[in-house]
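Down below is the structure, laid out as structure tokens.
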Amino acid sequence: MAADDTVLRVEHLTMRFGGLVAINDLSFEVERGTITALIGPNGAGKTTVFNCITGFYKPTEGRIALHRGDATVWHALDALTDSGKRGIVRPDGALFLLERMPDHLVAQQARVARTFQNIRLFPGMTVLENLLVAQHNALMVASGYTLLGVLGFPSYAAAERAALDKARGWLDRFGLLARADDPAGDLPYGAQRRLEVVRAMCTEPVLLCLDEPAAGLNPRESAELNDLLLGIRDDHSLSILLIEHDMSVVMGISDSVVVLDYGVKIADGTPETVRNDQKVIAAYLGVADEDVAKVEAAVGL
Amino acid sequence: MAAGAHTGRVDMAGALRSAGFTGVVAFGLFLPLIAFKTDVDGSNQLVLTTRWPLFLALVAVCSASRFFYALLVGPWLARRALRPARPRPAWRNTIANWLVPCGIGFLVLYPAIVFFTAGFSGGQKWIDNLGVQILIYVMLGWGLNIVVGLAGLLDLGYVAFYAVGAYSYALLAKTFGLSFWLLLPLAGILSSFWGVLLGFPVLRLRGDYLAIVTLAFGEIIRLILINWVALTNGYAGIISIPRPTFFGIPFTAGDDGFAAVFGLPFSPLYRITFLYYLILALALITCFVTVRLRRLPIGRAWEALREDEIACRSLGINTTNTKLTAFALGAMFAGFAGSFFAAREAFISPESFTFIESATILSIVVLGGMGSQIGVVIAAIVMIGGTELLRELDFLKDVFGPTFDPTQYRMLLFGFALVAIMIWRPRGLIATREPSVFLKERKTISAEMVKEGRG
């Protein structure tokens, strides 16, 4: 049985595209309120893992379970798996099998939010509108599935004000408030990256999946992003799953690291243990395990 | 040319070169099209006639236009582009603020203005042929704008829903004798039902594929209307469809007719004026609902869908339902317009619902600027009003001879308009997007940012 504060539990995840095995029998866990980094050389299958977790791909094999609320909900996992249902929601918590859910339900019901490697904002809409779209499902209910909203019921106006206040709060925290009325496509690159994180946060996620959030940021922006991510982790007891190539980010903020190579997990643990793992060094240097010592000596490590 | 523009020097050699090149292209193009003409003579034989003067004149005109463009207009445009951009003058904002209320006021007063200027008998044409006709297309344009402009789904078969609305009204009114006011919403509901039916299979398609399937759907509906003779009477169409009543009072010459009840002399003008206000009200409802929807979560979800569908899904938006609502709502407004069309004409046949109608409505949306409500109005006035006005240009017969019929040049002018728009305003007349919500200041968003949607 999973540990008490496990939020996400990936078991025996395998994803094949025709003959290509992108992920092979991958298992790992994400603890509540921690930052877990998923690292590995290019083409290791990191983004494929994200796409499986967020429902964009249907895994060939394996179980991806997400939990929120009371830890005892985990006891229902095997019963849920046998029942063929997508998830259970109880007053004290909820448990979902993400591999059974389509992408929008992963976001809406299981509350997993994600960002993309190549930024996917709504460039022609303002920063503020981007954040209102992120609160779509809550606002949709408030607008009586559009019916009450078209007729101008005041309940929707109140809900929209609340949504705007929430958006304003997040923009202020991420230093984007001054650009709130500008089109998202007009923002500088670093600000677009931050906006994508803000937009994901507006969906009130349990698990936030960030696909290379520091890509293309300069060292100062990247350090700022580290502080922001640590801040939201602590304030919202949020779990963050992170793909990153920037080792200053990975080693600086992650509580645990999972290393993938050719779709196989080669190591996991705290940043320190992973940093000193022979297999990880071999994968990053691109040599066989037994040659690591030789190569390290050659490059002066 | 570019070098001349920077130095302010006149680049005569360059202009001559480009004029010569244009002349050669025009020569090659017009030689088979204009210079030679085949005619059938009295004994039913095909004879080849030549039109050298006309041909040479056209080549000369093309060449000379290009020469003057390269010599004068091109450098002037280049100089203008170098000038720093000036801020938008205040009077333009004032005009923008007053345009909508003034426009609605004008439309409400339009019949009165026509009767004062053109008289009672002459005004009929201006209200019925021009006013009602344009308003039908404005309404259809606004309806299609939801699907194409907001949700970014390219629909080439929009006229199918217009046909469903028209035939729903015609068949139900003739068979069951139901009133216009009951059938108007019913026709809208039936059309949106067909919108959802079309929506389901095409949801996975994007871009060109979506366009092809919607095009086919439009044709399928038309072919069913032609071939299901038992229901639709095929090519012959449906005649003597009941006309709408003034809340139960018919517009007839009889004792219980509108004129008699209100103690007025009988005239067909009452019906026409009533129809004008009816379509005006329907169009304004369409606009009001669309503007309202844009500020609701569903409208923002449509626009977000146009911008990036994958991001929408990652935010928990059910893109299937969102697309279906766009299809259903667009189809509903087409259904309203269709039932109005059937009630106005009192006769419908599959001829009224050909692909060219879909193309006209789509070009109104594209020319107006996708997503812009005002743009659709301007484009509809130009496209529909323009072709109606061609009928009025009788004086051209004095210039080109009695066989000259200006209405035959309709498609040519359409083509010119489309090419001109594509060159100078590739994103439509009104290319900017108004944000649906703002914190401090409403800034219009330039077209470069806004995506067109890929279906």
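Just remember, in the structure tokens the first chain shown is A, the second B, etc., residues are 1-based per chain, and ligands are 1-based in the order shown.
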### Message
If the cut-off is 8 Å, can you tell me the residues of chain A near chain B, counting only C-alpha atoms? I'd like them as a ChimeraX atom specification.
### Response
/A:54,103-108,113-114,120-126,128-129,132-134,136-137,139-140,143,146,149-150,180-183,185-186,200,203
#### Entry: Neighbour list for B:Thr387 as a count of residues only, cut-off 10 Å, only C-alpha atoms, skip fewer than 2 positions in-chain
18
### Task
Would you mind listing what lies within 12 Å of A:Pro213 as a ChimeraX atom specification, with only C-alpha atoms counted and same-chain residues fewer than 3 positions away left out?
/A:37,114-119,189-198,208-210,216-218,221-226,228-229,240-246,249-250
Restricting it to N, CA, C and O atoms, dump the selection as a compact mmCIF listing (two decimals), in the first residue's frame.
```
# COMPACT_ATOMS: atom_id res chain seq x y z
N ALA A 37 11.36 15.95 -9.46
CA ALA A 37 11.87 16.27 -10.79
C ALA A 37 12.02 15.00 -11.59
O ALA A 37 12.39 13.95 -11.06
N ARG A 114 -1.24 21.23 -15.98
CA ARG A 114 0.06 21.06 -16.62
C ARG A 114 0.44 22.29 -17.43
O ARG A 114 -0.41 23.11 -17.78
N THR A 115 1.72 22.41 -17.71
CA THR A 115 2.20 23.39 -18.69
C THR A 115 2.89 22.61 -19.80
O THR A 115 3.06 21.40 -19.69
N PHE A 116 3.27 23.32 -20.85
CA PHE A 116 3.80 22.64 -22.02
C PHE A 116 5.23 23.08 -22.31
O PHE A 116 5.62 24.21 -22.00
N GLN A 117 5.98 22.16 -22.94
CA GLN A 117 7.37 22.43 -23.28
C GLN A 117 7.47 23.64 -24.21
O GLN A 117 8.26 24.55 -24.00
N ASN A 118 6.64 23.62 -25.28
CA ASN A 118 6.53 24.81 -26.12
C ASN A 118 5.28 25.53 -25.63
O ASN A 118 4.20 24.98 -25.65
N ILE A 119 5.45 26.76 -25.18
CA ILE A 119 4.40 27.46 -24.44
C ILE A 119 3.08 27.42 -25.22
O ILE A 119 3.05 27.70 -26.40
N TYR A 189 9.26 36.41 -23.28
CA TYR A 189 9.27 34.96 -23.15
C TYR A 189 9.18 34.49 -21.70
O TYR A 189 8.36 33.62 -21.36
N GLY A 190 9.98 35.09 -20.84
CA GLY A 190 10.00 34.67 -19.44
C GLY A 190 8.64 34.86 -18.79
O GLY A 190 8.16 34.02 -18.03
N ALA A 191 8.01 36.00 -19.12
CA ALA A 191 6.69 36.29 -18.54
C ALA A 191 5.64 35.30 -19.06
O ALA A 191 4.73 34.91 -18.32
N GLN A 192 5.79 34.88 -20.34
CA GLN A 192 4.85 33.89 -20.88
C GLN A 192 4.97 32.57 -20.12
O GLN A 192 3.98 31.92 -19.82
N ARG A 193 6.23 32.19 -19.80
CA ARG A 193 6.44 30.95 -19.03
C ARG A 193 5.76 31.05 -17.67
O ARG A 193 5.10 30.13 -17.22
N ARG A 194 5.93 32.23 -17.01
CA ARG A 194 5.32 32.41 -15.70
C ARG A 194 3.80 32.41 -15.81
O ARG A 194 3.10 31.83 -14.99
N LEU A 195 3.29 33.05 -16.88
CA LEU A 195 1.83 33.11 -17.05
C LEU A 195 1.25 31.72 -17.22
O LEU A 195 0.17 31.42 -16.71
N GLU A 196 1.99 30.86 -17.89
CA GLU A 196 1.47 29.50 -18.08
C GLU A 196 1.34 28.78 -16.73
O GLU A 196 0.39 28.05 -16.50
N VAL A 197 2.32 29.04 -15.83
CA VAL A 197 2.23 28.45 -14.49
C VAL A 197 1.04 29.04 -13.74
O VAL A 197 0.25 28.33 -13.10
N VAL A 198 0.89 30.38 -13.85
CA VAL A 198 -0.23 31.04 -13.17
C VAL A 198 -1.55 30.48 -13.67
O VAL A 198 -2.46 30.19 -12.90
N LEU A 208 0.66 19.64 -9.92
CA LEU A 208 1.02 20.56 -11.00
C LEU A 208 2.17 19.95 -11.78
O LEU A 208 3.21 19.64 -11.20
N CYS A 209 1.99 19.72 -13.07
CA CYS A 209 3.03 19.12 -13.91
C CYS A 209 3.64 20.22 -14.77
O CYS A 209 2.95 20.81 -15.60
N LEU A 210 4.92 20.50 -14.57
CA LEU A 210 5.57 21.57 -15.32
C LEU A 210 6.58 20.97 -16.29
O LEU A 210 7.52 20.29 -15.87
N GLY A 216 14.82 28.42 -21.58
CA GLY A 216 14.88 29.72 -22.22
C GLY A 216 14.92 30.89 -21.25
O GLY A 216 14.92 32.05 -21.67
N LEU A 217 14.92 30.62 -19.94
CA LEU A 217 15.00 31.71 -18.97
C LEU A 217 16.46 32.01 -18.67
O LEU A 217 17.30 31.11 -18.68
N ASN A 218 16.76 33.30 -18.36
CA ASN A 218 18.12 33.62 -17.97
C ASN A 218 18.31 33.24 -16.50
O ASN A 218 17.33 32.97 -15.80
N GLU A 221 15.99 35.03 -13.98
CA GLU A 221 14.58 34.63 -14.10
C GLU A 221 14.37 33.23 -13.54
O GLU A 221 13.37 32.95 -12.89
N SER A 222 15.35 32.37 -13.82
CA SER A 222 15.25 30.99 -13.38
C SER A 222 15.29 30.91 -11.85
O SER A 222 14.54 30.15 -11.23
N ALA A 223 16.12 31.76 -11.21
CA ALA A 223 16.18 31.79 -9.74
C ALA A 223 14.87 32.30 -9.17
O ALA A 223 14.36 31.79 -8.16
N GLU A 224 14.29 33.32 -9.85
CA GLU A 224 13.00 33.85 -9.40
C GLU A 224 11.92 32.78 -9.47
O GLU A 224 11.09 32.64 -8.56
N LEU A 225 11.96 32.03 -10.58
CA LEU A 225 10.96 30.97 -10.75
C LEU A 225 11.10 29.94 -9.65
O LEU A 225 10.10 29.47 -9.10
N ASN A 226 12.35 29.60 -9.27
CA ASN A 226 12.58 28.66 -8.17
C ASN A 226 11.87 29.12 -6.90
O ASN A 226 11.17 28.34 -6.25
N LEU A 228 9.37 31.19 -6.63
CA LEU A 228 7.91 31.17 -6.78
C LEU A 228 7.38 29.75 -6.62
O LEU A 228 6.37 29.52 -5.96
N LEU A 229 8.09 28.78 -7.21
CA LEU A 229 7.61 27.40 -7.14
C LEU A 229 7.69 26.89 -5.70
O LEU A 229 6.76 26.24 -5.21
N ILE A 240 4.36 19.10 -6.94
CA ILE A 240 4.78 19.53 -8.28
C ILE A 240 5.62 18.44 -8.91
O ILE A 240 6.53 17.89 -8.27
N LEU A 241 5.29 18.10 -10.13
CA LEU A 241 6.10 17.17 -10.91
C LEU A 241 6.74 18.00 -12.01
O LEU A 241 6.06 18.78 -12.67
N LEU A 242 8.05 17.85 -12.16
CA LEU A 242 8.80 18.83 -12.95
C LEU A 242 9.70 18.10 -13.93
O LEU A 242 10.44 17.20 -13.53
N ILE A 243 9.63 18.48 -15.20
CA ILE A 243 10.65 18.02 -16.15
C ILE A 243 11.61 19.19 -16.31
O ILE A 243 11.16 20.31 -16.54
N GLU A 244 12.89 18.96 -16.17
CA GLU A 244 13.80 20.09 -16.30
C GLU A 244 15.17 19.62 -16.75
O GLU A 244 15.64 18.56 -16.33
N HIS A 245 15.78 20.45 -17.59
CA HIS A 245 17.16 20.17 -17.99
C HIS A 245 18.13 21.04 -17.21
O HIS A 245 19.30 20.72 -17.09
N ASP A 246 17.62 22.17 -16.69
CA ASP A 246 18.46 23.11 -15.97
C ASP A 246 18.77 22.54 -14.59
O ASP A 246 17.91 22.48 -13.72
N VAL A 249 17.98 24.34 -11.32
CA VAL A 249 16.59 24.25 -10.86
C VAL A 249 16.37 22.90 -10.21
O VAL A 249 15.85 22.80 -9.10
N VAL A 250 16.79 21.84 -10.90
CA VAL A 250 16.52 20.48 -10.41
C VAL A 250 17.15 20.29 -9.03
O VAL A 250 16.49 19.91 -8.06
```
Just list the residues in stretch 17-257 of chain A DSSP gives strand (DSSP E or B) on the backbone, as a PDB file with C-alpha atoms, in the first residue's frame.
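What landed in out-v5.pdb:
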```
ATOM      1  CA  PHE A  17       4.109   3.636 -30.194  1.00  0.00           C
ATOM      2  CA  LEU A  20       8.901   1.856 -30.220  1.00  0.00           C
ATOM      3  CA  VAL A  21       8.832   1.477 -26.449  1.00  0.00           C
ATOM      4  CA  ALA A  22       8.811   5.057 -25.186  1.00  0.00           C
ATOM      5  CA  ILE A  23       8.326   4.137 -21.527  1.00  0.00           C
ATOM      6  CA  ASN A  24       9.094   0.705 -20.147  1.00  0.00           C
ATOM      7  CA  ASP A  25       7.693  -0.489 -16.814  1.00  0.00           C
ATOM      8  CA  LEU A  26       8.097   2.801 -14.994  1.00  0.00           C
ATOM      9  CA  SER A  27       7.021   3.081 -11.357  1.00  0.00           C
ATOM     10  CA  PHE A  28       7.419   6.039  -9.021  1.00  0.00           C
ATOM     11  CA  GLU A  29       5.511   8.014  -6.427  1.00  0.00           C
ATOM     12  CA  VAL A  30       4.998  11.692  -5.704  1.00  0.00           C
ATOM     13  CA  GLU A  31       4.531  12.819  -2.090  1.00  0.00           C
ATOM     14  CA  ILE A  35       8.654  18.838  -5.789  1.00  0.00           C
ATOM     15  CA  THR A  36       9.621  15.771  -7.786  1.00  0.00           C
ATOM     16  CA  ALA A  37      11.872  16.275 -10.793  1.00  0.00           C
ATOM     17  CA  LEU A  38      11.794  13.965 -13.779  1.00  0.00           C
ATOM     18  CA  ILE A  39      15.116  14.182 -15.579  1.00  0.00           C
ATOM     19  CA  GLU A  61      -0.041  -0.777 -19.705  1.00  0.00           C
ATOM     20  CA  GLY A  62       0.104   0.324 -16.096  1.00  0.00           C
ATOM     21  CA  ARG A  63      -1.821   2.132 -13.441  1.00  0.00           C
ATOM     22  CA  ILE A  64      -1.657   5.834 -12.577  1.00  0.00           C
ATOM     23  CA  ALA A  65      -3.505   6.610  -9.358  1.00  0.00           C
ATOM     24  CA  LEU A  66      -4.051  10.119  -7.991  1.00  0.00           C
ATOM     25  CA  HIS A  67      -5.406  10.819  -4.549  1.00  0.00           C
ATOM     26  CA  ARG A  68      -6.533  13.802  -2.527  1.00  0.00           C
ATOM     27  CA  GLY A  69      -7.966  14.173   0.946  1.00  0.00           C
ATOM     28  CA  GLY A  87     -12.536   7.134  -9.766  1.00  0.00           C
ATOM     29  CA  ILE A  88     -14.317   7.455  -6.476  1.00  0.00           C
ATOM     30  CA  VAL A  89     -15.229  10.652  -4.679  1.00  0.00           C
ATOM     31  CA  ARG A  90     -15.959  10.359  -0.963  1.00  0.00           C
ATOM     32  CA  GLY A  93     -11.257  12.456  -0.236  1.00  0.00           C
ATOM     33  CA  ALA A  94     -11.065  11.166  -3.755  1.00  0.00           C
ATOM     34  CA  LEU A  95      -9.107   8.648  -5.757  1.00  0.00           C
ATOM     35  CA  PHE A  96      -8.774   8.578  -9.537  1.00  0.00           C
ATOM     36  CA  LEU A  97      -7.245   6.209 -12.048  1.00  0.00           C
ATOM     37  CA  VAL A 112      -4.033  17.758 -12.419  1.00  0.00           C
ATOM     38  CA  ALA A 113      -2.784  20.907 -14.152  1.00  0.00           C
ATOM     39  CA  ARG A 114       0.063  21.063 -16.618  1.00  0.00           C
ATOM     40  CA  THR A 126      -5.411  39.131 -22.735  1.00  0.00           C
ATOM     41  CA  PRO A 183      -2.490  40.167 -25.089  1.00  0.00           C
ATOM     42  CA  LEU A 207      -0.767  18.084  -8.760  1.00  0.00           C
ATOM     43  CA  LEU A 208       1.019  20.557 -11.005  1.00  0.00           C
ATOM     44  CA  CYS A 209       3.030  19.124 -13.906  1.00  0.00           C
ATOM     45  CA  LEU A 210       5.570  21.574 -15.319  1.00  0.00           C
ATOM     46  CA  ASP A 211       7.264  20.644 -18.592  1.00  0.00           C
ATOM     47  CA  SER A 239       2.739  18.608  -5.243  1.00  0.00           C
ATOM     48  CA  ILE A 240       4.777  19.535  -8.280  1.00  0.00           C
ATOM     49  CA  LEU A 241       6.104  17.172 -10.912  1.00  0.00           C
ATOM     50  CA  LEU A 242       8.797  18.831 -12.950  1.00  0.00           C
ATOM     51  CA  ILE A 243      10.655  18.025 -16.151  1.00  0.00           C
ATOM     52  CA  SER A 256      13.252  13.962  -5.013  1.00  0.00           C
ATOM     53  CA  VAL A 257      14.461  13.141  -8.495  1.00  0.00           C
TER      54      VAL A 257
END
```
### Message
Please report the interatomic distance between atom CA of A:Met15 and atom CA of A:Pro41 in Å with one decimal.
### Response
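Computed distance, atom CA of A:Met15 to atom CA of A:Pro41, equals 17.8 Å.
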